[in-house]
>>> print(open('run.csv').read())   # CSV, N, CA and C atoms and all ligand atoms
chain,number,residue,atom,x,y,z
N,1,MET,N,40.0,72.0,-35.4
N,1,MET,CA,40.8,70.9,-34.9
N,1,MET,C,40.8,70.9,-33.4
N,2,PRO,N,40.3,69.9,-32.8
N,2,PRO,CA,40.2,69.9,-31.3
N,2,PRO,C,41.6,69.8,-30.7
N,3,SER,N,41.7,70.2,-29.5
N,3,SER,CA,42.9,70.0,-28.8
N,3,SER,C,43.3,68.6,-28.6
N,4,HIS,N,44.5,68.3,-28.3
N,4,HIS,CA,44.9,66.9,-28.2
N,4,HIS,C,44.1,66.2,-27.1
N,5,LYS,N,43.9,66.9,-26.0
N,5,LYS,CA,43.2,66.3,-24.9
N,5,LYS,C,41.7,65.9,-25.3
N,6,ALA,N,41.1,66.9,-25.9
N,6,ALA,CA,39.7,66.7,-26.4
N,6,ALA,C,39.6,65.6,-27.4
N,7,PHE,N,40.6,65.6,-28.3
N,7,PHE,CA,40.6,64.5,-29.3
N,7,PHE,C,40.7,63.1,-28.7
N,8,PHE,N,41.6,63.0,-27.8
N,8,PHE,CA,41.9,61.8,-27.1
N,8,PHE,C,40.6,61.3,-26.4
N,9,ALA,N,39.9,62.3,-25.7
N,9,ALA,CA,38.6,61.9,-25.0
N,9,ALA,C,37.6,61.4,-26.0
N,10,LEU,N,37.6,62.0,-27.2
N,10,LEU,CA,36.6,61.6,-28.2
N,10,LEU,C,36.9,60.1,-28.6
N,11,VAL,N,38.2,59.9,-28.9
N,11,VAL,CA,38.6,58.5,-29.3
N,11,VAL,C,38.2,57.5,-28.2
N,12,MET,N,38.5,57.8,-27.0
N,12,MET,CA,38.3,56.9,-25.9
N,12,MET,C,36.8,56.6,-25.7
N,13,ALA,N,36.0,57.7,-25.8
N,13,ALA,CA,34.6,57.6,-25.6
N,13,ALA,C,34.0,56.7,-26.7
N,14,ALA,N,34.5,56.8,-27.9
N,14,ALA,CA,33.9,56.0,-28.9
N,14,ALA,C,34.5,54.6,-29.0
N,15,GLY,N,35.5,54.3,-28.3
N,15,GLY,CA,36.1,53.0,-28.3
N,15,GLY,C,36.7,52.7,-29.7
N,16,MET,N,37.1,53.7,-30.4
N,16,MET,CA,37.5,53.5,-31.8
N,16,MET,C,38.9,52.9,-31.9
N,17,THR,N,39.0,52.1,-32.9
N,17,THR,CA,40.4,51.6,-33.3
N,17,THR,C,40.9,52.3,-34.5
N,18,THR,N,40.0,52.9,-35.2
N,18,THR,CA,40.4,53.7,-36.4
N,18,THR,C,39.9,55.1,-36.2
N,19,VAL,N,40.7,56.1,-36.5
N,19,VAL,CA,40.3,57.5,-36.2
N,19,VAL,C,40.0,58.3,-37.4
N,20,PHE,N,39.0,59.0,-37.3
N,20,PHE,CA,38.7,60.1,-38.4
N,20,PHE,C,39.2,61.4,-37.9
N,21,VAL,N,39.9,62.1,-38.7
N,21,VAL,CA,40.4,63.4,-38.3
N,21,VAL,C,39.7,64.4,-39.2
N,22,ALA,N,39.0,65.3,-38.6
N,22,ALA,CA,38.4,66.4,-39.3
N,22,ALA,C,39.4,67.5,-39.8
N,23,GLY,N,39.0,68.3,-40.7
N,23,GLY,CA,39.9,69.3,-41.1
N,23,GLY,C,39.9,69.4,-42.6
N,24,GLN,N,40.0,70.6,-43.2
N,24,GLN,CA,39.9,70.8,-44.6
N,24,GLN,C,41.2,71.4,-45.1
N,25,GLY,N,42.0,70.7,-45.9
N,25,GLY,CA,43.0,71.4,-46.7
N,25,GLY,C,44.2,71.9,-45.9
N,26,GLN,N,44.4,71.5,-44.7
N,26,GLN,CA,45.5,71.9,-44.0
N,26,GLN,C,46.1,70.8,-43.1
N,27,ALA,N,47.4,70.8,-42.8
N,27,ALA,CA,48.0,69.8,-42.1
N,27,ALA,C,47.4,69.6,-40.7
N,28,ALA,N,47.2,68.4,-40.3
N,28,ALA,CA,46.6,68.1,-39.0
N,28,ALA,C,47.7,67.5,-38.1
N,29,THR,N,47.4,67.5,-36.8
N,29,THR,CA,48.2,66.8,-35.8
N,29,THR,C,47.4,65.8,-35.2
N,30,ILE,N,47.8,64.5,-35.2
N,30,ILE,CA,47.0,63.4,-34.7
N,30,ILE,C,47.8,62.8,-33.5
N,31,VAL,N,47.1,62.5,-32.4
N,31,VAL,CA,47.7,62.0,-31.2
N,31,VAL,C,47.5,60.5,-31.1
N,32,VAL,N,48.6,59.8,-31.0
N,32,VAL,CA,48.5,58.3,-30.8
N,32,VAL,C,48.9,58.1,-29.3
N,33,ILE,N,48.1,57.3,-28.6
N,33,ILE,CA,48.4,57.0,-27.2
N,33,ILE,C,49.0,55.7,-27.0
N,34,GLU,N,50.0,55.7,-26.1
N,34,GLU,CA,50.7,54.4,-25.7
N,34,GLU,C,50.2,54.1,-24.3
N,35,LYS,N,49.4,53.0,-24.2
N,35,LYS,CA,48.9,52.7,-22.8
N,35,LYS,C,48.6,51.2,-22.8
N,36,ASP,N,48.8,50.6,-21.6
N,36,ASP,CA,48.6,49.2,-21.4
N,36,ASP,C,49.4,48.3,-22.5
N,37,ARG,N,50.6,48.7,-22.8
N,37,ARG,CA,51.4,48.1,-23.8
N,37,ARG,C,50.7,48.0,-25.1
N,38,ALA,N,49.9,49.0,-25.5
N,38,ALA,CA,49.2,49.0,-26.8
N,38,ALA,C,49.3,50.4,-27.3
N,39,LEU,N,49.2,50.5,-28.7
N,39,LEU,CA,49.0,51.8,-29.3
N,39,LEU,C,47.6,52.0,-29.7
N,40,ALA,N,47.1,53.2,-29.6
N,40,ALA,CA,45.7,53.5,-29.9
N,40,ALA,C,45.7,54.8,-30.7
N,41,PRO,N,45.1,54.8,-31.9
N,41,PRO,CA,44.5,53.7,-32.6
N,41,PRO,C,45.5,52.7,-33.1
N,42,THR,N,45.0,51.6,-33.6
N,42,THR,CA,45.8,50.6,-34.2
N,42,THR,C,46.0,50.8,-35.7
N,43,HIS,N,45.2,51.6,-36.3
N,43,HIS,CA,45.4,52.0,-37.6
N,43,HIS,C,45.0,53.5,-37.8
N,44,LEU,N,45.8,54.2,-38.6
N,44,LEU,CA,45.6,55.6,-38.9
N,44,LEU,C,45.8,55.9,-40.3
N,45,GLN,N,44.9,56.6,-40.9
N,45,GLN,CA,45.2,57.1,-42.3
N,45,GLN,C,45.3,58.6,-42.2
N,46,ILE,N,46.4,59.1,-42.7
N,46,ILE,CA,46.6,60.5,-42.6
N,46,ILE,C,47.0,61.0,-44.0
N,47,VAL,N,47.2,62.3,-44.1
N,47,VAL,CA,47.5,63.0,-45.4
N,47,VAL,C,49.0,63.5,-45.3
N,48,GLN,N,49.7,63.3,-46.4
N,48,GLN,CA,51.1,63.8,-46.3
N,48,GLN,C,51.2,65.2,-45.9
N,49,GLY,N,52.1,65.5,-45.0
N,49,GLY,CA,52.3,66.8,-44.4
N,49,GLY,C,51.7,66.8,-42.9
N,50,ASP,N,50.9,65.7,-42.6
N,50,ASP,CA,50.4,65.7,-41.2
N,50,ASP,C,51.5,65.3,-40.2
N,51,THR,N,51.2,65.5,-39.0
N,51,THR,CA,52.1,65.2,-37.9
N,51,THR,C,51.4,64.3,-36.9
N,52,VAL,N,52.2,63.3,-36.5
N,52,VAL,CA,51.6,62.4,-35.4
N,52,VAL,C,52.5,62.6,-34.2
N,53,VAL,N,51.8,62.8,-33.1
N,53,VAL,CA,52.4,62.9,-31.7
N,53,VAL,C,52.1,61.5,-31.0
N,54,PHE,N,53.2,60.9,-30.6
N,54,PHE,CA,53.1,59.6,-29.9
N,54,PHE,C,53.2,60.0,-28.4
N,55,ARG,N,52.2,59.7,-27.6
N,55,ARG,CA,52.3,60.1,-26.2
N,55,ARG,C,52.3,58.8,-25.3
N,56,ASN,N,53.2,58.8,-24.4
N,56,ASN,CA,53.3,57.6,-23.5
N,56,ASN,C,52.5,57.9,-22.2
N,57,GLU,N,51.4,57.2,-22.1
N,57,GLU,CA,50.5,57.3,-20.9
N,57,GLU,C,50.6,56.0,-20.1
N,58,ASP,N,51.7,55.3,-20.3
N,58,ASP,CA,51.9,54.0,-19.7
N,58,ASP,C,52.9,54.2,-18.5
N,59,GLY,N,53.0,53.2,-17.6
N,59,GLY,CA,53.9,53.3,-16.5
N,59,GLY,C,55.3,52.7,-16.8
N,60,MET,N,55.6,52.6,-18.1
N,60,MET,CA,56.8,52.0,-18.5
N,60,MET,C,57.4,52.7,-19.7
N,61,PRO,N,58.6,52.6,-20.0
N,61,PRO,CA,59.2,53.2,-21.2
N,61,PRO,C,58.8,52.4,-22.5
N,62,HIS,N,58.7,53.2,-23.5
N,62,HIS,CA,58.6,52.6,-24.9
N,62,HIS,C,59.6,53.2,-25.8
N,63,ARG,N,59.9,52.5,-26.9
N,63,ARG,CA,60.7,53.1,-27.9
N,63,ARG,C,60.1,52.6,-29.3
N,64,LEU,N,59.7,53.5,-30.1
N,64,LEU,CA,59.0,53.1,-31.3
N,64,LEU,C,59.9,53.0,-32.5
N,65,THR,N,59.8,52.0,-33.3
N,65,THR,CA,60.5,51.9,-34.6
N,65,THR,C,59.5,51.9,-35.7
N,66,LEU,N,59.8,52.7,-36.7
N,66,LEU,CA,58.9,52.9,-37.8
N,66,LEU,C,59.5,52.3,-39.1
N,67,ARG,N,58.8,51.6,-39.8
N,67,ARG,CA,59.3,50.9,-41.0
N,67,ARG,C,58.5,51.4,-42.2
N,68,ALA,N,59.1,52.1,-43.1
N,68,ALA,CA,58.4,52.5,-44.4
N,68,ALA,C,59.2,51.8,-45.5
N,69,ALA,N,58.7,51.9,-46.7
N,69,ALA,CA,59.4,51.3,-47.8
N,69,ALA,C,60.8,51.9,-48.0
N,70,GLY,N,61.8,51.1,-47.8
N,70,GLY,CA,63.2,51.6,-48.0
N,70,GLY,C,63.7,52.4,-46.8
N,71,ARG,N,63.0,52.5,-45.7
N,71,ARG,CA,63.5,53.3,-44.6
N,71,ARG,C,63.0,52.8,-43.3
N,72,THR,N,63.9,52.6,-42.3
N,72,THR,CA,63.5,52.2,-41.0
N,72,THR,C,64.2,53.1,-40.0
N,73,TRP,N,63.4,53.7,-39.1
N,73,TRP,CA,64.0,54.6,-38.1
N,73,TRP,C,63.3,54.4,-36.7
N,74,SER,N,64.0,54.8,-35.7
N,74,SER,CA,63.5,54.7,-34.3
N,74,SER,C,63.4,56.1,-33.7
N,75,LEU,N,62.3,56.3,-32.9
N,75,LEU,CA,62.2,57.5,-32.2
N,75,LEU,C,62.9,57.3,-30.8
N,76,ASP,N,63.3,58.4,-30.2
N,76,ASP,CA,64.0,58.3,-28.9
N,76,ASP,C,63.1,57.6,-27.9
N,77,ILE,N,63.7,57.0,-26.9
N,77,ILE,CA,63.0,56.3,-25.9
N,77,ILE,C,62.0,57.3,-25.2
N,78,GLN,N,60.8,56.8,-24.8
N,78,GLN,CA,59.9,57.6,-24.1
N,78,GLN,C,59.6,57.1,-22.8
N,79,ARG,N,59.8,57.9,-21.8
N,79,ARG,CA,59.3,57.5,-20.4
N,79,ARG,C,57.9,58.0,-20.2
N,80,GLN,N,57.3,57.6,-19.1
N,80,GLN,CA,56.0,58.0,-18.8
N,80,GLN,C,55.7,59.5,-19.0
N,81,GLY,N,54.7,59.8,-19.7
N,81,GLY,CA,54.3,61.2,-19.9
N,81,GLY,C,55.1,61.9,-21.0
N,82,GLN,N,56.0,61.3,-21.6
N,82,GLN,CA,56.8,61.9,-22.7
N,82,GLN,C,56.1,61.7,-24.1
N,83,GLU,N,56.4,62.7,-24.9
N,83,GLU,CA,55.8,62.6,-26.3
N,83,GLU,C,57.0,62.6,-27.3
N,84,ARG,N,56.7,62.0,-28.4
N,84,ARG,CA,57.6,62.1,-29.6
N,84,ARG,C,56.8,62.5,-30.8
N,85,THR,N,57.3,63.5,-31.6
N,85,THR,CA,56.6,64.0,-32.7
N,85,THR,C,57.3,63.6,-34.0
N,86,GLN,N,56.4,63.1,-34.9
N,86,GLN,CA,56.9,62.7,-36.2
N,86,GLN,C,56.1,63.3,-37.3
N,87,ASP,N,56.8,64.0,-38.3
N,87,ASP,CA,56.1,64.5,-39.5
N,87,ASP,C,56.2,63.5,-40.6
N,88,PHE,N,55.1,63.4,-41.4
N,88,PHE,CA,55.1,62.5,-42.5
N,88,PHE,C,54.9,63.3,-43.8
N,89,ALA,N,56.0,63.5,-44.4
N,89,ALA,CA,56.0,64.3,-45.7
N,89,ALA,C,55.7,63.5,-46.9
N,90,GLU,N,56.0,62.2,-46.8
N,90,GLU,CA,55.8,61.3,-48.0
N,90,GLU,C,54.7,60.4,-47.9
N,91,ALA,N,54.0,60.1,-49.0
N,91,ALA,CA,52.9,59.1,-49.0
N,91,ALA,C,53.5,57.7,-48.9
N,92,GLY,N,52.7,56.8,-48.2
N,92,GLY,CA,53.2,55.4,-48.1
N,92,GLY,C,52.7,54.7,-46.9
N,93,HIS,N,53.0,53.5,-46.8
N,93,HIS,CA,52.6,52.6,-45.6
N,93,HIS,C,53.7,52.5,-44.6
N,94,ILE,N,53.3,52.7,-43.4
N,94,ILE,CA,54.3,52.6,-42.3
N,94,ILE,C,53.9,51.6,-41.2
N,95,ASP,N,54.7,50.7,-40.8
N,95,ASP,CA,54.5,49.8,-39.7
N,95,ASP,C,55.2,50.4,-38.5
N,96,VAL,N,54.5,50.5,-37.4
N,96,VAL,CA,55.0,51.0,-36.2
N,96,VAL,C,55.1,49.9,-35.1
N,97,MET,N,56.2,49.7,-34.4
N,97,MET,CA,56.3,48.7,-33.4
N,97,MET,C,57.2,49.2,-32.3
N,98,CYS,N,56.8,48.8,-31.0
N,98,CYS,CA,57.7,49.1,-29.9
N,98,CYS,C,58.8,48.1,-29.8
N,99,ASP,N,60.0,48.6,-29.7
N,99,ASP,CA,61.2,47.7,-29.6
N,99,ASP,C,61.1,46.8,-28.3
N,100,PHE,N,60.5,47.3,-27.3
N,100,PHE,CA,60.5,46.6,-26.0
N,100,PHE,C,59.3,45.6,-25.9
N,101,HIS,N,58.2,45.9,-26.6
N,101,HIS,CA,57.0,45.1,-26.6
N,101,HIS,C,56.5,44.8,-28.0
N,102,PRO,N,57.0,43.7,-28.6
N,102,PRO,CA,56.7,43.5,-30.0
N,102,PRO,C,55.2,43.3,-30.4
N,103,GLN,N,54.4,43.1,-29.4
N,103,GLN,CA,52.9,43.0,-29.6
N,103,GLN,C,52.3,44.4,-29.8
N,104,MET,N,53.1,45.4,-29.5
N,104,MET,CA,52.6,46.8,-29.5
N,104,MET,C,52.8,47.4,-30.8
N,105,THR,N,51.8,47.2,-31.7
N,105,THR,CA,52.0,47.6,-33.1
N,105,THR,C,50.8,48.5,-33.6
N,106,MET,N,51.1,49.2,-34.7
N,106,MET,CA,50.0,49.9,-35.4
N,106,MET,C,50.5,50.2,-36.8
N,107,THR,N,49.6,50.5,-37.7
N,107,THR,CA,50.0,50.9,-39.0
N,107,THR,C,49.5,52.3,-39.3
N,108,ILE,N,50.2,53.0,-40.2
N,108,ILE,CA,49.9,54.3,-40.6
N,108,ILE,C,50.0,54.3,-42.1
N,109,ASP,N,48.9,54.8,-42.8
N,109,ASP,CA,48.9,55.0,-44.2
N,109,ASP,C,48.9,56.5,-44.5
N,110,VAL,N,49.9,56.9,-45.2
N,110,VAL,CA,50.0,58.4,-45.5
N,110,VAL,C,49.5,58.5,-47.0
N,111,VAL,N,48.5,59.2,-47.2
N,111,VAL,CA,47.9,59.3,-48.5
N,111,VAL,C,48.3,60.7,-49.1
N,112,LYS,N,48.3,60.8,-50.4
N,112,LYS,CA,48.7,62.0,-51.1
N,112,LYS,C,47.6,63.1,-50.8
N,113,ASP,N,48.2,64.3,-50.7
N,113,ASP,CA,47.3,65.5,-50.5
N,113,ASP,C,46.9,66.0,-51.9
N,114,ILE,N,45.7,65.8,-52.3
N,114,ILE,CA,45.3,66.2,-53.6
N,114,ILE,C,44.5,67.5,-53.5
N,115,PRO,N,45.0,68.6,-54.1
N,115,PRO,CA,44.3,69.9,-53.9
N,115,PRO,C,42.9,69.9,-54.5
N,116,GLY,N,42.0,70.5,-53.7
N,116,GLY,CA,40.6,70.5,-54.1
N,116,GLY,C,39.8,69.4,-53.7
N,117,GLN,N,40.5,68.4,-53.1
N,117,GLN,CA,39.7,67.2,-52.6
N,117,GLN,C,39.7,67.2,-51.1
N,118,ALA,N,38.7,66.6,-50.5
N,118,ALA,CA,38.7,66.5,-49.1
N,118,ALA,C,39.9,65.7,-48.6
N,119,PRO,N,40.5,66.0,-47.5
N,119,PRO,CA,41.6,65.2,-47.0
N,119,PRO,C,41.2,63.8,-46.7
N,120,GLY,N,42.1,62.9,-47.1
N,120,GLY,CA,41.7,61.4,-47.0
N,120,GLY,C,42.1,60.9,-45.6
N,121,ARG,N,41.7,61.5,-44.6
N,121,ARG,CA,42.0,61.0,-43.2
N,121,ARG,C,40.8,60.2,-42.6
N,122,TYR,N,41.2,59.2,-42.0
N,122,TYR,CA,40.2,58.5,-41.1
N,122,TYR,C,40.9,57.7,-40.1
D,1,CU,CU,56.8,49.4,-25.4
>>> encode(input="run.csv", output="structure tokens")
Amino acid sequence: MPSHKAFFALVMAAGMTTVFVAGQGQAATIVVIEKDRALAPTHLQIVQGDTVVFRNEDGMPHRLTLRAAGRTWSLDIQRQGQERTQDFAEAGHIDVMCDFHPQMTMTIDVVKDIPGQAPGRY
């Protein structure tokens, strides 16, 4: 698993909007960047048990609200340079949006962790 910084560099170099996360059979940590009033990547598929770190690299505060089936919650406000960490224990689809910048959205699909199969991350 590359470090957060190396992983970010990889994403930026490839200009990717969807991220593949390597790793076999263990929980991963994926970094989502907030920059220029946008979230990158805009779509993420992870495996239940994975952790997502949202990092504000923008010059303004953001506050993310996450909507899953039957549950909506907000992370604490993030100023420049601050991170918020969210674990995803349950499978399902999640819509992420910034309360201050409604165009700033992404989706996360959390897939089931099936023993013996390669993790379904991309
Ligand atoms: Cu925002």
>>> closest_residue(input="run.csv", among="N:Arg121, N:Arg84, N:His101, N:His93", to="ligand CU 1 (chain D)", atoms="only C-alpha atoms and all ligand atoms")
N:His101
>>> residues_near_ligand(input="run.csv", ligand="ligand CU 1 (chain D)", cutoff="6 Å", atoms="only C-alpha atoms and all ligand atoms", output="ChimeraX atom specification")
/N:37,62-63,98,100-101
>>> atom_distance(input="run.csv", atom1="atom CA of Met106 of chain N", atom2="atom C of Leu64 of chain N")
10.8 Å
>>> closest_residue(input="run.csv", among="N:Gln82, N:Thr29, N:Gln117, N:Gln103", to="Glu57 of chain N", atoms="all atoms listed in the file")
N:Gln82
>>> atom_distance(input="run.csv", atom1="atom CA of Gly59 of chain N", atom2="atom N of Met97 of chain N")
18.4 Å
>>> atom_distance(input="run.csv", atom1="atom N of Leu39 of chain N", atom2="atom CA of Lys112 of chain N")
25.2 Å
>>> residues_near_point(input="run.csv", point="(65.7, 57.0, -32.8)", cutoff="8 Å", atoms="only N, CA and C atoms", output="MDAnalysis selection string")
chainID N and resid 63:65 73:77
>>> residues_around(input="run.csv", residues="Gln26 of chain N", least_positions_apart="4", cutoff="8 Å", atoms="only N, CA and C atoms", output="ChimeraX atom specification")
/N:49-50,119
>>> write_last_selection(input="run.csv", atoms="N, CA and C atoms", output="PDB file, keeping the file's coordinate frame")
ATOM      1  N   GLY N  49      52.100  65.500 -45.000  1.00  0.00           N
ATOM      2  CA  GLY N  49      52.300  66.800 -44.400  1.00  0.00           C
ATOM      3  C   GLY N  49      51.700  66.800 -42.900  1.00  0.00           C
ATOM      4  N   ASP N  50      50.900  65.700 -42.600  1.00  0.00           N
ATOM      5  CA  ASP N  50      50.400  65.700 -41.200  1.00  0.00           C
ATOM      6  C   ASP N  50      51.500  65.300 -40.200  1.00  0.00           C
ATOM      7  N   PRO N 119      40.500  66.000 -47.500  1.00  0.00           N
ATOM      8  CA  PRO N 119      41.600  65.200 -47.000  1.00  0.00           C
ATOM      9  C   PRO N 119      41.200  63.800 -46.700  1.00  0.00           C
TER      10      PRO N 119
END
>>> residues_around(input="run.csv", residues="Val31 of chain N", least_positions_apart="2", cutoff="6.5 Å", atoms="all atoms listed in the file", output="PyMOL selection string")
chain N and resi 4+29+33+40-41+51-55
>>> write_last_selection(input="run.csv", atoms="N, CA and C atoms", output="PDB file, in the coordinates of the input")
ATOM      1  N   HIS N   4      44.500  68.300 -28.300  1.00  0.00           N
ATOM      2  CA  HIS N   4      44.900  66.900 -28.200  1.00  0.00           C
ATOM      3  C   HIS N   4      44.100  66.200 -27.100  1.00  0.00           C
ATOM      4  N   THR N  29      47.400  67.500 -36.800  1.00  0.00           N
ATOM      5  CA  THR N  29      48.200  66.800 -35.800  1.00  0.00           C
ATOM      6  C   THR N  29      47.400  65.800 -35.200  1.00  0.00           C
ATOM      7  N   ILE N  33      48.100  57.300 -28.600  1.00  0.00           N
ATOM      8  CA  ILE N  33      48.400  57.000 -27.200  1.00  0.00           C
ATOM      9  C   ILE N  33      49.000  55.700 -27.000  1.00  0.00           C
ATOM     10  N   ALA N  40      47.100  53.200 -29.600  1.00  0.00           N
ATOM     11  CA  ALA N  40      45.700  53.500 -29.900  1.00  0.00           C
ATOM     12  C   ALA N  40      45.700  54.800 -30.700  1.00  0.00           C
ATOM     13  N   PRO N  41      45.100  54.800 -31.900  1.00  0.00           N
ATOM     14  CA  PRO N  41      44.500  53.700 -32.600  1.00  0.00           C
ATOM     15  C   PRO N  41      45.500  52.700 -33.100  1.00  0.00           C
ATOM     16  N   THR N  51      51.200  65.500 -39.000  1.00  0.00           N
ATOM     17  CA  THR N  51      52.100  65.200 -37.900  1.00  0.00           C
ATOM     18  C   THR N  51      51.400  64.300 -36.900  1.00  0.00           C
ATOM     19  N   VAL N  52      52.200  63.300 -36.500  1.00  0.00           N
ATOM     20  CA  VAL N  52      51.600  62.400 -35.400  1.00  0.00           C
ATOM     21  C   VAL N  52      52.500  62.600 -34.200  1.00  0.00           C
ATOM     22  N   VAL N  53      51.800  62.800 -33.100  1.00  0.00           N
ATOM     23  CA  VAL N  53      52.400  62.900 -31.700  1.00  0.00           C
ATOM     24  C   VAL N  53      52.100  61.500 -31.000  1.00  0.00           C
ATOM     25  N   PHE N  54      53.200  60.900 -30.600  1.00  0.00           N
ATOM     26  CA  PHE N  54      53.100  59.600 -29.900  1.00  0.00           C
ATOM     27  C   PHE N  54      53.200  60.000 -28.400  1.00  0.00           C
ATOM     28  N   ARG N  55      52.200  59.700 -27.600  1.00  0.00           N
ATOM     29  CA  ARG N  55      52.300  60.100 -26.200  1.00  0.00           C
ATOM     30  C   ARG N  55      52.300  58.800 -25.300  1.00  0.00           C
TER      31      ARG N  55
END
>>> residues_around(input="run.csv", residues="Thr72 of chain N", least_positions_apart="3", cutoff="10 Å", atoms="only C-alpha atoms", output="VMD selection string")
chain N and resid 65 to 69 94 to 96
>>> residues_around(input="run.csv", residues="Glu90 of chain N", least_positions_apart="2", cutoff="9 Å", atoms="only C-alpha atoms", output="PyMOL selection string")
chain N and resi 47-49+88+92+110-112
>>> select_by_dssp(input="run.csv", residues="segment 6-109 of chain N", states="helix (DSSP H, G or I)", output="PDB file with N, CA and C atoms, in the frame of the given file")
ATOM      1  N   ALA N   6      41.100  66.900 -25.900  1.00  0.00           N
ATOM      2  CA  ALA N   6      39.700  66.700 -26.400  1.00  0.00           C
ATOM      3  C   ALA N   6      39.600  65.600 -27.400  1.00  0.00           C
ATOM      4  N   PHE N   7      40.600  65.600 -28.300  1.00  0.00           N
ATOM      5  CA  PHE N   7      40.600  64.500 -29.300  1.00  0.00           C
ATOM      6  C   PHE N   7      40.700  63.100 -28.700  1.00  0.00           C
ATOM      7  N   PHE N   8      41.600  63.000 -27.800  1.00  0.00           N
ATOM      8  CA  PHE N   8      41.900  61.800 -27.100  1.00  0.00           C
ATOM      9  C   PHE N   8      40.600  61.300 -26.400  1.00  0.00           C
ATOM     10  N   ALA N   9      39.900  62.300 -25.700  1.00  0.00           N
ATOM     11  CA  ALA N   9      38.600  61.900 -25.000  1.00  0.00           C
ATOM     12  C   ALA N   9      37.600  61.400 -26.000  1.00  0.00           C
ATOM     13  N   LEU N  10      37.600  62.000 -27.200  1.00  0.00           N
ATOM     14  CA  LEU N  10      36.600  61.600 -28.200  1.00  0.00           C
ATOM     15  C   LEU N  10      36.900  60.100 -28.600  1.00  0.00           C
ATOM     16  N   VAL N  11      38.200  59.900 -28.900  1.00  0.00           N
ATOM     17  CA  VAL N  11      38.600  58.500 -29.300  1.00  0.00           C
ATOM     18  C   VAL N  11      38.200  57.500 -28.200  1.00  0.00           C
ATOM     19  N   MET N  12      38.500  57.800 -27.000  1.00  0.00           N
ATOM     20  CA  MET N  12      38.300  56.900 -25.900  1.00  0.00           C
ATOM     21  C   MET N  12      36.800  56.600 -25.700  1.00  0.00           C
ATOM     22  N   ALA N  13      36.000  57.700 -25.800  1.00  0.00           N
ATOM     23  CA  ALA N  13      34.600  57.600 -25.600  1.00  0.00           C
ATOM     24  C   ALA N  13      34.000  56.700 -26.700  1.00  0.00           C
ATOM     25  N   ALA N  14      34.500  56.800 -27.900  1.00  0.00           N
ATOM     26  CA  ALA N  14      33.900  56.000 -28.900  1.00  0.00           C
ATOM     27  C   ALA N  14      34.500  54.600 -29.000  1.00  0.00           C
TER      28      ALA N  14
END
>>> closest_residue(input="run.csv", among="N:Gly116, N:Arg71, N:Ile46, N:Met104", to="Ala91 of chain N", atoms="all atoms listed in the file")
N:Ile46
>>> closest_residue(input="run.csv", among="N:Ala38, N:Ala118, N:Asp58, N:Ile30", to="Pro102 of chain N", atoms="only C-alpha atoms")
N:Ala38
>>> select_by_dssp(input="run.csv", residues="segment 57-118 of chain N", states="strand (DSSP E)", output="PyMOL selection string")
chain N and resi 64-68+71-74+83-87+92-98+105-111
